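Read through the structure below, which is laid out as C-alpha cells, and then see the notes.
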Amino acid sequence: MLTIAGTTFQSHLLLGSGKFQSAQQMQQAVIASGCELVTLALKRLQPGQPQDDLYSPLKALGVQLLPNTSGARTAEEAVQAALLAREAVGTNWLKLEIHPEPKYLLPDPRETLKAAEQLCALGFVVLPYCSADPLHCKQLEQAGCAAVMPLGAPIGSNQGLQNRAMLEIIIEQANVPVIIDAGIGAPSDATLALELGASAVLVNTAIASSRDPVSMAQAFRLAVAAGLLGQQAGLGRQQQLAQPSSPLAHSFADLLAGFS
Amino acid sequence: MLYINQQESALEAATLAELAEQLALPAQGIALVLNQQLLPRAVWAQTALPDSTDHHIEIFQLVAGG
C-alpha cells in the first residue's frame with residue numbers, strides 16, 4: 001500500500017495523461033495500468049476550439065486527479081497555477097513542477113523549494129518533481145511536502161534510472177514517499193525503482209509513446225507489482241565472490257574410481 | 001468590451017454564468033479569472049459584466065499532461 005498525506009492507494013504506479021493518441025486510449029491505459037492517481041495539466045482555453053472534457057471520464061474511472069503546474073517558470077507562476085488548478089479540479093493535491101528551460105526540462109531547485117514552502121503554507125498537498133539531490137529532497141520534505149518526486153532521467157527521455165546512486169541515498173534518508181518521476185522508459189526500470197525501495201513511480205511517455213500503450217500500461221502494472229513484491233521480500237546481499245548453490249562437500253572422484 | 005484570454009471578444013453577456021453558457025464551458029475542470037481575480041463557479045451567476053467598462057477574462061481548462 002502507498003500512503004500519501006494520509007490517503008492510501010493500492011497501486012504504486014502513477015500515470016501521466018499526456019501524449020496519448022486520443023482521450024479514449026489514455027483512459028484505456030489508465031484502466032490497464034491499475035493506477036489510482038493520474039496527472040493533468042492546465043492550459044488557457046482557446047475560444048472556438050473543441051474542448052475535450054477529461055475531468056468527467058477520469059472521475060468515472062474512480063481515479064484521483066493530480067493537476068500539475070507545468071508551464072510555470074518561477075515559484076510565483078507555480079503558486080498562481082496551483083490556485084487555478086485547485087479551482088479547476090477541486091483538489092488541494094498538486095504536482096509541483098518548475099522547469100524553465102525547454103531542452104532538458106530539468107527542475108529548478110531554488111524555485112521549486114520556494115514554491116513548495118509557499119504552497120504547503122497555503123494548505124496544498126505538494127508532490128514536487130525535483131532534482132535527484134538528496135539534500136534538496138530533504139529540504140522539500142522539511143518544507144512539508146507530502147512526497148518527493150526525483151527524476152530518473154530527463155522528462156520523456158526513456159533513459160531509465162540514470163541517477164541511481166543518488167536515488168538510493170534519497171530513498172534511504174526519506175521520511176515521505178519517494179516517487180521516481182521522469183525518465184522511466186521500460187517496465188524493468190519501474191521494477192528496479194521499486195526494488196531499490198522507491199514507494200512508487202510516475203510514468204507517462206514510456207507508455208504513451210510505445211507501439212501499444214494499453215499493453216504497455218499493463219506491463220508497467222505487472223512490473224511495479226513485481227518490484228514491490230521484491231522490495232517487500234528483501235533482496236539477497238550482493239557480494240564479490242561466488243557462493244555455491246549446491247553442496248560441494250563431497251568429491252565424485254573416489255566414487256567412480258576405475259570407471260571409464 | 002470583453003477580452004477573453006487576451007483576445008477581443010464579440011460576445012455579450014450580462015453575467016459570467018451567461019458568458020460560460022455561450023462559450024459552452026464544461027461543467028467541471030475550468031478555472032476563470034476576471035480582472036485578475038479567481039472566481040469560483042458558485043459566484044458566476046451573481047457576477048455582472050457591465051458594459052460601462054472593459055473586462056479581462058482568463059479561462060483555463062484541464063488538458064492531458066504528465
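Please note that chains go A, B, ... in the order of the C-alpha cells, that every chain numbers its residues from 1, and that ligands are numbered from 1 in the order shown.
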- [ ] Show me which bits of chain B are within 9 Å of chain A, counting only C-alpha atoms, as a list in words.
- [x]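 Applying the cut-off to the listed atoms yields Ile4, Asn5, Leu23, Leu25, Pro26, Gln28, Gly29, Ile30, Ala31, Leu32, Val33, Leu38, Leu39, Pro40, Arg41, Glu58, Ile59, Phe60, Gln61, Leu62, Val63, Ala64, Gly65 and Gly66 of chain B.
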Open item on the list: Just want the 8 Å neighbourhood of range 138-149 of chain A, counted on only C-alpha atoms, with same-chain residues fewer than 4 positions away dropped. Output as a list in words.
Closed with: Ile4, Ala5, Leu113, Ala116, Glu117, Cys120, Val125, Val126, Leu127, Pro128, Tyr129, Cys130, Pro134, Ile170, Gln173, Ala174, Asn175, Val176, Pro177, Val178, Ile179, Ile180 and Asp181 of chain A
Open item on the list: So that I can see what lies close to Ala14 in chain B, please list as a PyMOL selection string the residues with an atom at most 7 Å from it, counting only C-alpha atoms and leaving out residues fewer than 5 positions away in the same chain.
Closed with: chain B and resi 48-50
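Distances here use only C-alpha atoms; by that measure, the residue among A:Ala29, A:Leu2, A:Leu196, A:Ala249 closest to Ala208 in chain A is A:Ala29.
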Task: Test item: residues at most 7 Å from Ser33 in chain A, only C-alpha atoms, excluding those fewer than 5 positions along its chain, as a PyMOL selection string - done: chain A and resi 217-218+220-221
Task: CA of Met1 in chain B to CA of His55 in chain B, distance in Å rounded to a single decimal - done: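 These two atoms are separated by 6.4 Å.
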- [ ] Please give the complete set of residues from range 9-194 of chain A that DSSP, run on the backbone, assigns to alpha helix (DSSP H), formatted as an NGL selection string.
- [x] :A and (23-33 or 55-60 or 75-89 or 109-121 or 134-142 or 164-173 or 187-194)
- [ ] Check range 128-248 of chain A with DSSP on the backbone and list each residue it calls strand (DSSP E or B), as a list in words.
- [x]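 Matching residues, listed in order: Pro128, Tyr129, Cys130, Val148, Met149, Pro150, Leu151, Val178, Ile179, Ile180, Asp181, Ala200, Val201, Leu202 and Val203 of chain A.
With CA of Ile207 in chain A on one side and CA of Ala223 in chain A on the other, the separation reads 12.6 Å.
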Open item on the list: Restricting the calculation to only C-alpha atoms: of B:Asn35, B:Gln22, B:Thr15, B:Ser9, which residue gets closest to Thr47 in chain B?
Closed with: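 Answer, going by the shortest atom-to-atom distance: B:Thr15.
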Open item on the list: Give me the residues near Tyr3 in chain B as a list in words, where near means some atom within 6 Å (using only C-alpha atoms) and where sequence neighbours in that chain fewer than 2 positions away do not count.
Closed with: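 Surrounding residues, per the criterion: Gln6, Gln7, Glu8, Ser9, His56 and Ile57 of chain B.
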TODO: Write out as JSON, numbers by chain the residues lying within 9 Å of Gln231 in chain A, counting only C-alpha atoms and excluding same-chain residues fewer than 6 positions away.
DONE: {"A": [194, 195, 196, 197, 198]}
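Taking only C-alpha atoms into account, Ser188 in chain A lies nearest to A:Gly227 out of the set A:Pro247, A:Gly152, A:Pro213, A:Gly227.
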Excluding same-chain residues fewer than 2 positions from Ala153 in chain A, what lies within 10 Å of it counting only C-alpha atoms, as a CSV table (one decimal) with C-alpha atoms, in the first residue's frame?
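This is the output file part.csv:
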```csv
chain,number,residue,atom,x,y,z
A,104,TYR,CA,16.3,19.2,-20.7
A,106,LEU,CA,15.2,20.0,-15.5
A,131,SER,CA,16.3,17.1,-8.8
A,132,ALA,CA,17.7,13.8,-7.7
A,150,PRO,CA,13.1,13.0,-8.1
A,151,LEU,CA,13.8,12.3,-11.7
A,155,ILE,CA,11.3,14.1,-18.8
A,156,GLY,CA,10.3,11.9,-21.7
A,157,SER,CA,13.8,10.6,-22.4
A,158,ASN,CA,13.0,7.0,-21.6
A,159,GLN,CA,16.6,6.6,-20.3
A,160,GLY,CA,15.8,4.9,-17.1
A,161,LEU,CA,17.4,5.4,-13.7
A,162,GLN,CA,20.5,7.4,-14.7
A,163,ASN,CA,20.6,8.9,-11.2
A,164,ARG,CA,20.6,5.5,-9.4
A,180,ILE,CA,10.5,8.3,-9.1
A,181,ASP,CA,9.3,10.6,-11.8
A,182,ALA,CA,10.6,11.2,-15.3
A,183,GLY,CA,12.9,9.1,-17.4
A,184,ILE,CA,11.5,5.7,-16.7
A,185,GLY,CA,11.5,4.1,-20.1
```
Task: One-decimal distance in Å that lies between CA of Leu192 in chain A and CA of Gln27 in chain A - done: 26.0 Å
